[in-house]
Amino acid sequence: MVDSWSMAPVWFTDVGGSALMILLSLGAVVYAVRLVRVQPSNVLWTYLLWLTAALCGFALSRGVGHIAKRLLLLMEMPDIWAVLKPYSGSFNTLAFAVVAAITFFFQRVHRIHTEILRDQEALERASAEVMRLNLGLESLVEQRTHELSRSERRYRRIFEGSMDMIFVLDAEARFVDINGAGVEALGYSSPEEVVGKVSFEQVFACRAQYGELMGDLSSRGYVQARECTLVARDGSERFILLSATVRKDDRGRVQSFEGIAKDVTARVHMQRQLQQADKLASLGQISTGIAHEINNPLGIMLGYTQLLLRDMQQGSQLHDDLKTIEKHARNCKVVVEDLLKFARGTRTRRTSVNVGQCLREVLSLLAHQFELDNIRIQTEIREDLPELRADGEKLKQVFMNLLMNAKQAISQSGTITVRTRLDPREDALLVSISDDGCGISPENLFKIFDPFFTTKPVGEGTGLGLSVSYGIIQDHQGRIDVSSRPGRGSTFTVVLPVSPPANESPGSSPVERRQP
Amino acid sequence: MKTMQSGLIRWRTILRSAGFALLLTGIAPLFSGPAWAIQSHPAPEGLYAHQLAHFLFIVAMALLSYWLQVNHFTVQRGWRLIQVSCLLFLVWNGVAILGHWSEEMLPAGVLLGNSDWGQRILFQGNPAAYLYFVLKMDHLVCVPAMACLLLGIRSLYREALEERGPSHG
């Protein structure tokens with residue numbers, strides 16, 4: 001017995017070690033499960049879970065077997081252990097095989113894991129690149145938006161600040177956008193009154209001109225410096241030089257029209273006035289010459305006729321003939337005198353004149369006749385008009401002529417409006433006489449002040465009324481503006497300067513002036 | 001991305017197959033019976049199968065340890081501990097193989113008494129007896145091996161927790 005050792009330490013190590021193996025393997029499984037939960041996408045942790053599970057199975061199989069063996073032998077039940085022993089041994093063998101089998105998968109799992117990591121890195125790199133590009137794009141978009149906004153502001157300033165009319169029309173030629181100059185030129189107070197409410201055709205004075213313009217735009221795609229006549233909201237004519245383009249879509253359908261129009265009304269008026277003045281000045285010189293040349297023989301003819309009449313017995317044939325000669329000589333004298341008035345060849349007696357009073361006197365003379373002819377007269381004559389230094393009688397003659405013309409323009413019945421106002425910009429007093437009669441055709445508009453021009457039937461007018469009026473107003477350093485729309489009526493505006501002419505002192509006595 | 005998805009699918013397929021194989025392997029012995037018709041399997045076959053399984057275990061642990069080394073897993077403490085665990089299991093398998101062998105080599109009469117707590121071993125200068133006595137305490141190797149595995153996984157778990165950050169709890 002000296003050389004024999006107790007096997008108790010072996011069995012103790014066996015049982016204790018088996019129990020520890022079970023506990024440690026279970027602990028390993030628990031941590032592997034936690035690991036998988038922390039990083040579920042990591043296949044290596046899943047692999048470790050399987051490995052620890054297999055090792056746990058091995059520990060359980062072996063540990064339970066060993067502990068059971070010791071317990072059964074302790075409890076003197078070797079027969080039961082003899083039955084269980086082969087199973088325990090088999091399970092142990094299988095557990096080893098399973099652990100080994102799972103272990104062999106490691107390299108493969110590692111390869112998959114590496115691929116996943118590589119893909120993940122590539123994905124992250126791609127994501128970072130996309131983020132970088134996105135940031136760059138955002139910055140670029142912001143920069144472009146800023147530039148666009150600045151550009152839009154710049155062009156908007158040009159659009160709004162332009163002295164020329166700039167506008168955009170839609171496919172149906174309705175105003176879509178218009179700048180301030182355009183709004184003002186058309187006589188509106190804000191773009192909202194025009195945009196979407198007014199069509200381009202509406203502002204054209206002549207439909208034919210509009211049709212021709214749109215035809216050219218459609219066919220050529222643009223027009224350049226086209227002279228057009230527009231009508232403002234208040235009926236006044238605006239002369240413009242229009243340049244416009246058409247914007248079409250891919251199918252050639254009109255999308256919009258864009259145009260710039262330069263208002264040349266003042267220039268056109270001035271040119272016309274200059275032409276008119278030149279023409280009338282020439283006519284005036286001719287008329288003066290003729291009148292003077294005719295006046296003297298006419299005076300002699302009239303004088304001798306009157307001398308002969310004294311010696312003739314009334315009722316005789318010769319007396320009647322001489323009377324006819326006298327009558328026509330007098331008529332000729334009236335014409336000659338009118339010509340001299342037109343040519344400012346007559347004396348002008350300037351006194352302090354109340355133009356409103358002159359108008360009222362003329363209107364009172366005509367009121368009855370106008371009433372009989374179904375013509376209504378509307379007056380807007382201001383009471384606070386300043387007194388002018390003018391020839392009152394001649395001004396009355398002018399107003400009379402203009403009112404008579406207005407009456408004749410109205411065929412059946414209508415309204416004549418007489419209005420006065422002060423224009424502080426021109427320092428002038430304006431008298432406008434408007435009618436709603438037949439109007440004046442554009443081709444006649446520039447001839448109406450010509451001597452002997454008339455549209456009345458032969459014998460009903462001499463054609464000197466407006467010429468005389470023109471001469472009188474010119475003599476007062478004023479002018480007569482005419483605007484007319486055929487079929488809608490005409491407006492004659494007499495513009496008289498309020499301040500005395502530069503070559504006259506305010507306190508000077510009435511001066512008779514004879515113009516050359 | 002596509003490769004990652006296909007990798008995951010492949011991994012799931014492998015695990016599913018392995019699980020199924022494990023299940024079959026686990027329940028098969030319950031329904032096993034004598035295979036008289038084909039070939040008889042006398043007692044030594046069990047021992048040989050067991051010893052071969054130990055050998056397989058050794059190869060597996062050696063391979064795993066090698067792979068951990070060549071793939072530079074061992075730079076992490078957790079994997080290093082798992083590698084140590086592999087090596088200890090490898091040693092333990094060697095111990096177990098030798099233990100089984102020495103048990104077979106024991107001459108009759110070396111173990112005195114029943115195989116219980118009172119059993120004694122008579123050495124009488126027999127190397128197999130000494131070897132058997134020492135190698136029978138194989139738990140002195142496999143318990144540290146399992147402990148290393150536990151510590152290794154715990155270390156990896158803690159690193160994973162740190163990596164995830166405190167906000168995730």
# chains A, B, ... in the order shown; residues from 1 in each chain; ligands from 1

call {"tool": "residues_around", "arguments": {"residues": "Leu230 in chain A", "least_positions_apart": "2", "cutoff": "10 Å", "atoms": "only C-alpha atoms", "output": "PDB file with N, CA, C and O atoms, in the first residue's frame"}}
result
ATOM      1  N   ALA A 185     -46.999 105.901 -69.912  1.00  0.00           N
ATOM      2  CA  ALA A 185     -47.264 106.262 -71.319  1.00  0.00           C
ATOM      3  C   ALA A 185     -48.691 105.907 -71.713  1.00  0.00           C
ATOM      4  O   ALA A 185     -49.322 106.624 -72.490  1.00  0.00           O
ATOM      5  N   LEU A 186     -49.203 104.809 -71.155  1.00  0.00           N
ATOM      6  CA  LEU A 186     -50.566 104.396 -71.506  1.00  0.00           C
ATOM      7  C   LEU A 186     -51.624 105.080 -70.643  1.00  0.00           C
ATOM      8  O   LEU A 186     -52.818 104.810 -70.782  1.00  0.00           O
ATOM      9  N   PHE A 200     -52.955  94.263 -76.031  1.00  0.00           N
ATOM     10  CA  PHE A 200     -52.120  95.156 -76.841  1.00  0.00           C
ATOM     11  C   PHE A 200     -52.972  95.821 -77.920  1.00  0.00           C
ATOM     12  O   PHE A 200     -52.763  96.979 -78.253  1.00  0.00           O
ATOM     13  N   GLU A 201     -53.942  95.072 -78.436  1.00  0.00           N
ATOM     14  CA  GLU A 201     -54.785  95.605 -79.503  1.00  0.00           C
ATOM     15  C   GLU A 201     -55.577  96.821 -79.010  1.00  0.00           C
ATOM     16  O   GLU A 201     -55.793  97.771 -79.758  1.00  0.00           O
ATOM     17  N   GLN A 202     -55.992  96.751 -77.730  1.00  0.00           N
ATOM     18  CA  GLN A 202     -56.799  97.833 -77.170  1.00  0.00           C
ATOM     19  C   GLN A 202     -56.082  99.172 -77.195  1.00  0.00           C
ATOM     20  O   GLN A 202     -56.726 100.213 -77.279  1.00  0.00           O
ATOM     21  N   VAL A 203     -54.760  99.141 -77.059  1.00  0.00           N
ATOM     22  CA  VAL A 203     -54.035 100.406 -76.958  1.00  0.00           C
ATOM     23  C   VAL A 203     -53.584 100.920 -78.323  1.00  0.00           C
ATOM     24  O   VAL A 203     -52.926 101.951 -78.402  1.00  0.00           O
ATOM     25  N   PHE A 204     -53.917 100.197 -79.354  1.00  0.00           N
ATOM     26  CA  PHE A 204     -53.553 100.666 -80.694  1.00  0.00           C
ATOM     27  C   PHE A 204     -54.615 101.624 -81.234  1.00  0.00           C
ATOM     28  O   PHE A 204     -55.810 101.377 -81.096  1.00  0.00           O
ATOM     29  N   ALA A 205     -54.144 102.715 -81.872  1.00  0.00           N
ATOM     30  CA  ALA A 205     -55.084 103.692 -82.423  1.00  0.00           C
ATOM     31  C   ALA A 205     -55.755 103.143 -83.674  1.00  0.00           C
ATOM     32  O   ALA A 205     -56.907 103.448 -83.961  1.00  0.00           O
ATOM     33  N   CYS A 206     -55.025 102.304 -84.377  1.00  0.00           N
ATOM     34  CA  CYS A 206     -55.529 101.826 -85.657  1.00  0.00           C
ATOM     35  C   CYS A 206     -55.423 100.304 -85.706  1.00  0.00           C
ATOM     36  O   CYS A 206     -54.341  99.746 -85.523  1.00  0.00           O
ATOM     37  N   GLN A 209     -53.048  98.895 -88.285  1.00  0.00           N
ATOM     38  CA  GLN A 209     -51.637  98.976 -87.913  1.00  0.00           C
ATOM     39  C   GLN A 209     -51.269  97.818 -86.973  1.00  0.00           C
ATOM     40  O   GLN A 209     -50.206  97.213 -87.098  1.00  0.00           O
ATOM     41  N   TYR A 210     -52.199  97.510 -86.046  1.00  0.00           N
ATOM     42  CA  TYR A 210     -51.983  96.396 -85.114  1.00  0.00           C
ATOM     43  C   TYR A 210     -51.894  95.066 -85.872  1.00  0.00           C
ATOM     44  O   TYR A 210     -51.003  94.248 -85.635  1.00  0.00           O
ATOM     45  N   GLU A 227     -42.861 102.332 -86.370  1.00  0.00           N
ATOM     46  CA  GLU A 227     -43.633 103.476 -85.879  1.00  0.00           C
ATOM     47  C   GLU A 227     -45.072 103.039 -85.671  1.00  0.00           C
ATOM     48  O   GLU A 227     -45.706 102.507 -86.584  1.00  0.00           O
ATOM     49  N   CYS A 228     -45.550 103.235 -84.450  1.00  0.00           N
ATOM     50  CA  CYS A 228     -46.930 102.849 -84.126  1.00  0.00           C
ATOM     51  C   CYS A 228     -47.583 103.995 -83.366  1.00  0.00           C
ATOM     52  O   CYS A 228     -46.908 104.798 -82.716  1.00  0.00           O
ATOM     53  N   ALA A 232     -53.676 106.417 -75.333  1.00  0.00           N
ATOM     54  CA  ALA A 232     -53.607 106.319 -73.881  1.00  0.00           C
ATOM     55  C   ALA A 232     -55.019 106.225 -73.302  1.00  0.00           C
ATOM     56  O   ALA A 232     -56.010 106.378 -74.017  1.00  0.00           O
ATOM     57  N   ARG A 233     -55.047 105.955 -72.016  1.00  0.00           N
ATOM     58  CA  ARG A 233     -56.346 105.776 -71.355  1.00  0.00           C
ATOM     59  C   ARG A 233     -57.228 107.012 -71.504  1.00  0.00           C
ATOM     60  O   ARG A 233     -58.449 106.912 -71.621  1.00  0.00           O
ATOM     61  N   GLY A 235     -57.358 108.935 -73.973  1.00  0.00           N
ATOM     62  CA  GLY A 235     -57.689 109.169 -75.380  1.00  0.00           C
ATOM     63  C   GLY A 235     -56.597 109.864 -76.160  1.00  0.00           C
ATOM     64  O   GLY A 235     -56.692 109.982 -77.391  1.00  0.00           O
ATOM     65  N   SER A 236     -55.561 110.339 -75.472  1.00  0.00           N
ATOM     66  CA  SER A 236     -54.495 111.037 -76.192  1.00  0.00           C
ATOM     67  C   SER A 236     -53.638 110.038 -76.961  1.00  0.00           C
ATOM     68  O   SER A 236     -53.506 108.882 -76.556  1.00  0.00           O
ATOM     69  N   GLU A 237     -53.104 110.496 -78.052  1.00  0.00           N
ATOM     70  CA  GLU A 237     -52.297 109.621 -78.898  1.00  0.00           C
ATOM     71  C   GLU A 237     -50.857 109.601 -78.430  1.00  0.00           C
ATOM     72  O   GLU A 237     -50.327 110.626 -77.987  1.00  0.00           O
ATOM     73  N   ARG A 238     -50.262 108.420 -78.477  1.00  0.00           N
ATOM     74  CA  ARG A 238     -48.842 108.286 -78.142  1.00  0.00           C
ATOM     75  C   ARG A 238     -48.154 107.677 -79.355  1.00  0.00           C
ATOM     76  O   ARG A 238     -48.569 106.617 -79.845  1.00  0.00           O
ATOM     77  N   PHE A 239     -47.146 108.362 -79.818  1.00  0.00           N
ATOM     78  CA  PHE A 239     -46.379 107.844 -80.954  1.00  0.00           C
ATOM     79  C   PHE A 239     -45.168 107.102 -80.401  1.00  0.00           C
ATOM     80  O   PHE A 239     -44.446 107.635 -79.553  1.00  0.00           O
ATOM     81  N   ILE A 240     -44.998 105.876 -80.865  1.00  0.00           N
ATOM     82  CA  ILE A 240     -43.894 105.075 -80.334  1.00  0.00           C
ATOM     83  C   ILE A 240     -43.076 104.461 -81.465  1.00  0.00           C
ATOM     84  O   ILE A 240     -43.571 104.289 -82.585  1.00  0.00           O
ATOM     85  N   ASP A 263     -41.182 106.216 -76.534  1.00  0.00           N
ATOM     86  CA  ASP A 263     -42.248 107.190 -76.713  1.00  0.00           C
ATOM     87  C   ASP A 263     -41.672 108.417 -77.427  1.00  0.00           C
ATOM     88  O   ASP A 263     -40.839 109.136 -76.868  1.00  0.00           O
ATOM     89  N   THR A 265     -43.696 110.734 -78.840  1.00  0.00           N
ATOM     90  CA  THR A 265     -44.842 111.629 -79.035  1.00  0.00           C
ATOM     91  C   THR A 265     -44.397 113.093 -79.086  1.00  0.00           C
ATOM     92  O   THR A 265     -44.776 113.842 -79.997  1.00  0.00           O
TER      93      THR A 265
END

call {"tool": "interface_residues", "arguments": {"of": "chain B", "to": "chain A", "cutoff": "7 Å", "atoms": "only C-alpha atoms", "output": "ChimeraX atom specification"}}
result
/B:1,3-4,7,22,50,53-54,56-57,60,64,67,115-124,136-137,139,143,146-147,149-150,153-154,157,160-161

call {"tool": "write_last_selection", "arguments": {"atoms": "N, CA, C and O atoms", "output": "compact mmCIF listing (two decimals), in the first residue's frame"}}
result
# COMPACT_ATOMS: atom_id res chain seq x y z
N MET B 1 -21.93 46.75 -51.77
CA MET B 1 -23.22 46.53 -51.08
C MET B 1 -23.79 45.18 -51.50
O MET B 1 -24.24 44.40 -50.67
N THR B 3 -22.14 42.73 -52.76
CA THR B 3 -21.26 41.67 -52.27
C THR B 3 -21.56 41.41 -50.80
O THR B 3 -21.57 40.26 -50.34
N MET B 4 -21.80 42.48 -50.05
CA MET B 4 -22.08 42.34 -48.61
C MET B 4 -23.36 41.54 -48.39
O MET B 4 -23.42 40.65 -47.56
N GLY B 7 -22.77 37.99 -49.25
CA GLY B 7 -21.96 37.41 -48.17
C GLY B 7 -22.81 37.01 -47.00
O GLY B 7 -22.68 35.91 -46.45
N LEU B 22 -26.06 19.64 -37.21
CA LEU B 22 -25.88 19.44 -35.76
C LEU B 22 -27.09 18.75 -35.15
O LEU B 22 -26.98 17.84 -34.32
N HIS B 50 -13.42 7.87 -30.76
CA HIS B 50 -13.24 8.94 -29.77
C HIS B 50 -11.85 9.56 -29.90
O HIS B 50 -11.71 10.79 -29.88
N ALA B 53 -11.76 11.65 -32.93
CA ALA B 53 -12.45 12.92 -32.68
C ALA B 53 -11.53 13.88 -31.94
O ALA B 53 -11.49 15.08 -32.24
N HIS B 54 -10.80 13.34 -30.96
CA HIS B 54 -9.82 14.19 -30.25
C HIS B 54 -8.79 14.73 -31.23
O HIS B 54 -8.42 15.91 -31.17
N LEU B 56 -9.20 15.15 -34.43
CA LEU B 56 -9.88 16.17 -35.24
C LEU B 56 -9.93 17.50 -34.50
O LEU B 56 -9.73 18.58 -35.07
N PHE B 57 -10.23 17.37 -33.21
CA PHE B 57 -10.31 18.55 -32.34
C PHE B 57 -8.95 19.26 -32.33
O PHE B 57 -8.86 20.49 -32.44
N ALA B 60 -8.47 21.03 -35.63
CA ALA B 60 -9.34 22.22 -35.68
C ALA B 60 -8.75 23.35 -34.85
O ALA B 60 -8.68 24.51 -35.30
N LEU B 64 -7.44 26.88 -36.20
CA LEU B 64 -8.04 28.13 -35.71
C LEU B 64 -6.96 29.05 -35.15
O LEU B 64 -6.95 30.27 -35.43
N TRP B 67 -5.02 30.42 -38.07
CA TRP B 67 -5.77 31.45 -38.81
C TRP B 67 -5.84 32.77 -38.03
O TRP B 67 -5.76 33.84 -38.60
N SER B 115 -14.40 1.66 -8.63
CA SER B 115 -14.11 2.98 -9.22
C SER B 115 -14.93 4.05 -8.49
O SER B 115 -15.87 4.64 -9.03
N ASP B 116 -14.59 4.27 -7.25
CA ASP B 116 -15.27 5.29 -6.46
C ASP B 116 -14.23 6.12 -5.73
O ASP B 116 -13.05 6.05 -6.04
N TRP B 117 -14.72 6.90 -4.72
CA TRP B 117 -13.83 7.85 -4.05
C TRP B 117 -12.74 7.11 -3.25
O TRP B 117 -11.70 7.69 -2.95
N GLY B 118 -12.97 5.86 -2.98
CA GLY B 118 -11.98 5.11 -2.19
C GLY B 118 -10.97 4.35 -3.04
O GLY B 118 -10.08 3.67 -2.50
N GLN B 119 -11.08 4.45 -4.31
CA GLN B 119 -10.19 3.71 -5.22
C GLN B 119 -8.75 4.23 -5.09
O GLN B 119 -8.53 5.42 -4.89
N ARG B 120 -7.81 3.33 -5.25
CA ARG B 120 -6.39 3.69 -5.18
C ARG B 120 -5.67 3.17 -6.42
O ARG B 120 -6.17 2.27 -7.11
N ILE B 121 -4.51 3.72 -6.67
CA ILE B 121 -3.72 3.28 -7.81
C ILE B 121 -2.36 2.79 -7.31
O ILE B 121 -1.73 3.45 -6.47
N LEU B 122 -1.96 1.64 -7.84
CA LEU B 122 -0.70 1.02 -7.41
C LEU B 122 0.32 1.24 -8.53
O LEU B 122 0.17 0.73 -9.64
N PHE B 123 1.32 2.08 -8.25
CA PHE B 123 2.27 2.45 -9.33
C PHE B 123 3.28 1.34 -9.62
O PHE B 123 3.45 0.94 -10.76
N GLN B 124 3.96 0.86 -8.62
CA GLN B 124 4.97 -0.20 -8.73
C GLN B 124 5.95 0.04 -9.88
O GLN B 124 6.29 -0.86 -10.66
N LYS B 136 -5.14 11.82 -15.94
CA LYS B 136 -6.56 11.76 -15.56
C LYS B 136 -7.02 13.12 -15.01
O LYS B 136 -8.23 13.40 -14.97
N MET B 137 -6.06 13.95 -14.65
CA MET B 137 -6.44 15.28 -14.14
C MET B 137 -6.36 16.30 -15.30
O MET B 137 -5.79 17.38 -15.18
N HIS B 139 -8.57 18.11 -16.49
CA HIS B 139 -9.33 19.36 -16.28
C HIS B 139 -8.42 20.52 -15.91
O HIS B 139 -8.81 21.68 -16.06
N VAL B 143 -10.00 23.35 -18.16
CA VAL B 143 -10.71 24.44 -17.46
C VAL B 143 -10.03 25.78 -17.77
O VAL B 143 -10.73 26.75 -18.12
N MET B 146 -11.15 26.77 -21.22
CA MET B 146 -12.51 27.34 -21.29
C MET B 146 -12.54 28.73 -20.66
O MET B 146 -13.27 29.63 -21.14
N ALA B 147 -11.74 28.91 -19.60
CA ALA B 147 -11.68 30.22 -18.94
C ALA B 147 -11.11 31.27 -19.90
O ALA B 147 -11.61 32.40 -19.98
N LEU B 149 -11.31 31.16 -23.10
CA LEU B 149 -12.36 31.44 -24.10
C LEU B 149 -13.35 32.46 -23.54
O LEU B 149 -13.71 33.43 -24.22
N LEU B 150 -13.80 32.23 -22.30
CA LEU B 150 -14.75 33.14 -21.66
C LEU B 150 -14.16 34.56 -21.57
O LEU B 150 -14.80 35.55 -21.95
N ILE B 153 -13.93 36.23 -25.04
CA ILE B 153 -15.21 36.73 -25.57
C ILE B 153 -15.67 37.94 -24.76
O ILE B 153 -16.19 38.92 -25.32
N ARG B 154 -15.44 37.88 -23.43
CA ARG B 154 -15.82 39.02 -22.60
C ARG B 154 -15.04 40.27 -23.02
O ARG B 154 -15.59 41.37 -23.10
N TYR B 157 -16.48 41.58 -26.16
CA TYR B 157 -17.77 42.20 -25.87
C TYR B 157 -17.58 43.62 -25.34
O TYR B 157 -18.25 44.56 -25.75
N ALA B 160 -16.48 45.89 -28.03
CA ALA B 160 -17.63 46.21 -28.90
C ALA B 160 -18.53 47.25 -28.24
O ALA B 160 -19.03 48.16 -28.92
N LEU B 161 -18.69 47.12 -26.93
CA LEU B 161 -19.50 48.10 -26.20
C LEU B 161 -18.87 49.48 -26.28
O LEU B 161 -19.56 50.48 -26.53

call {"tool": "closest_residue", "arguments": {"among": "B:Asn71, B:Asn93, B:Gly78, B:Met105", "to": "Leu52 in chain B", "atoms": "only C-alpha atoms"}}
result
B:Asn93

call {"tool": "residues_around", "arguments": {"residues": "Pro127 in chain B", "least_positions_apart": "3", "cutoff": "12 Å", "atoms": "only C-alpha atoms", "output": "list of chain:residue names"}}
result
B:Ser102, B:Glu103, B:Met105, B:Leu106, B:Pro107, B:Val110, B:Leu122, B:Phe123, B:Gln124, B:Tyr130, B:Leu131, B:Tyr132, B:Phe133, B:Val134, B:Leu135

call {"tool": "write_last_selection", "arguments": {"atoms": "N, CA, C and O atoms", "output": "short mmCIF file (atom, residue, chain, number, x, y, z; two decimals), in the first residue's frame"}}
result
data_model
loop_
_atom_site.label_atom_id
_atom_site.label_comp_id
_atom_site.auth_asym_id
_atom_site.auth_seq_id
_atom_site.Cartn_x
_atom_site.Cartn_y
_atom_site.Cartn_z
N SER B 102 -3.13 5.61 -22.10
CA SER B 102 -2.51 5.07 -20.89
C SER B 102 -3.49 4.19 -20.12
O SER B 102 -3.11 3.20 -19.49
N GLU B 103 -4.78 4.57 -20.19
CA GLU B 103 -5.82 3.78 -19.51
C GLU B 103 -5.87 2.36 -20.10
O GLU B 103 -6.03 1.36 -19.39
N MET B 105 -3.41 0.98 -21.54
CA MET B 105 -2.13 0.32 -21.28
C MET B 105 -2.00 -0.20 -19.84
O MET B 105 -1.05 -0.92 -19.51
N LEU B 106 -2.93 0.28 -18.99
CA LEU B 106 -2.82 -0.12 -17.57
C LEU B 106 -2.97 -1.64 -17.42
O LEU B 106 -3.95 -2.21 -17.90
N PRO B 107 -2.02 -2.25 -16.75
CA PRO B 107 -2.19 -3.70 -16.51
C PRO B 107 -3.24 -3.96 -15.43
O PRO B 107 -3.56 -3.05 -14.66
N VAL B 110 -3.73 -2.66 -11.21
CA VAL B 110 -3.12 -1.36 -10.87
C VAL B 110 -4.13 -0.53 -10.09
O VAL B 110 -3.78 0.15 -9.12
N LEU B 122 -1.96 1.64 -7.84
CA LEU B 122 -0.70 1.02 -7.41
C LEU B 122 0.32 1.24 -8.53
O LEU B 122 0.17 0.73 -9.64
N PHE B 123 1.32 2.08 -8.25
CA PHE B 123 2.27 2.45 -9.33
C PHE B 123 3.28 1.34 -9.62
O PHE B 123 3.45 0.94 -10.76
N GLN B 124 3.96 0.86 -8.62
CA GLN B 124 4.97 -0.20 -8.73
C GLN B 124 5.95 0.04 -9.88
O GLN B 124 6.29 -0.86 -10.66
N TYR B 130 1.75 5.92 -13.68
CA TYR B 130 2.03 7.34 -13.38
C TYR B 130 1.34 8.24 -14.40
O TYR B 130 0.72 9.25 -14.06
N LEU B 131 1.53 7.86 -15.68
CA LEU B 131 0.95 8.66 -16.76
C LEU B 131 -0.57 8.76 -16.61
O LEU B 131 -1.16 9.83 -16.73
N TYR B 132 -1.18 7.64 -16.32
CA TYR B 132 -2.64 7.59 -16.16
C TYR B 132 -3.07 8.51 -15.02
O TYR B 132 -4.02 9.29 -15.17
N PHE B 133 -2.35 8.43 -13.90
CA PHE B 133 -2.72 9.24 -12.73
C PHE B 133 -2.64 10.74 -13.06
O PHE B 133 -3.54 11.50 -12.74
N VAL B 134 -1.55 11.10 -13.72
CA VAL B 134 -1.37 12.55 -14.04
C VAL B 134 -2.37 13.00 -15.12
O VAL B 134 -3.04 14.03 -14.99
N LEU B 135 -2.45 12.21 -16.19
CA LEU B 135 -3.29 12.64 -17.32
C LEU B 135 -4.78 12.60 -17.00
O LEU B 135 -5.57 13.25 -17.67
#

call {"tool": "atom_distance", "arguments": {"atom1": "CA of Gln83 in chain B", "atom2": "CA of Ile67 in chain A"}}
result
28.3 Å

call {"tool": "select_by_dssp", "arguments": {"residues": "range 236-409 of chain A", "states": "alpha helix (DSSP H)", "output": "number ranges by chain"}}
result
A: 265-311, 317-342, 355-372, 392-409

call {"tool": "residues_around", "arguments": {"residues": "Gln306 in chain A", "least_positions_apart": "2", "cutoff": "12 Å", "atoms": "only C-alpha atoms", "output": "number ranges by chain"}}
result
A: 299-304, 308-312, 319, 321-327, 329-330

call {"tool": "residues_around", "arguments": {"residues": "Ala145 in chain B", "least_positions_apart": "4", "cutoff": "7 Å", "atoms": "only C-alpha atoms", "output": "PyMOL selection string"}}
result
chain B and resi 85+88-89+141+149

call {"tool": "select_by_dssp", "arguments": {"residues": "range 218-390 of chain A", "states": "strand (DSSP E)", "output": "number ranges by chain"}}
result
A: 222-231, 237-248, 254-263, 348-349, 351-353, 375-380, 388-390

call {"tool": "atom_distance", "arguments": {"atom1": "CA of Val231 in chain A", "atom2": "CA of Gly187 in chain A"}}
result
8.9 Å
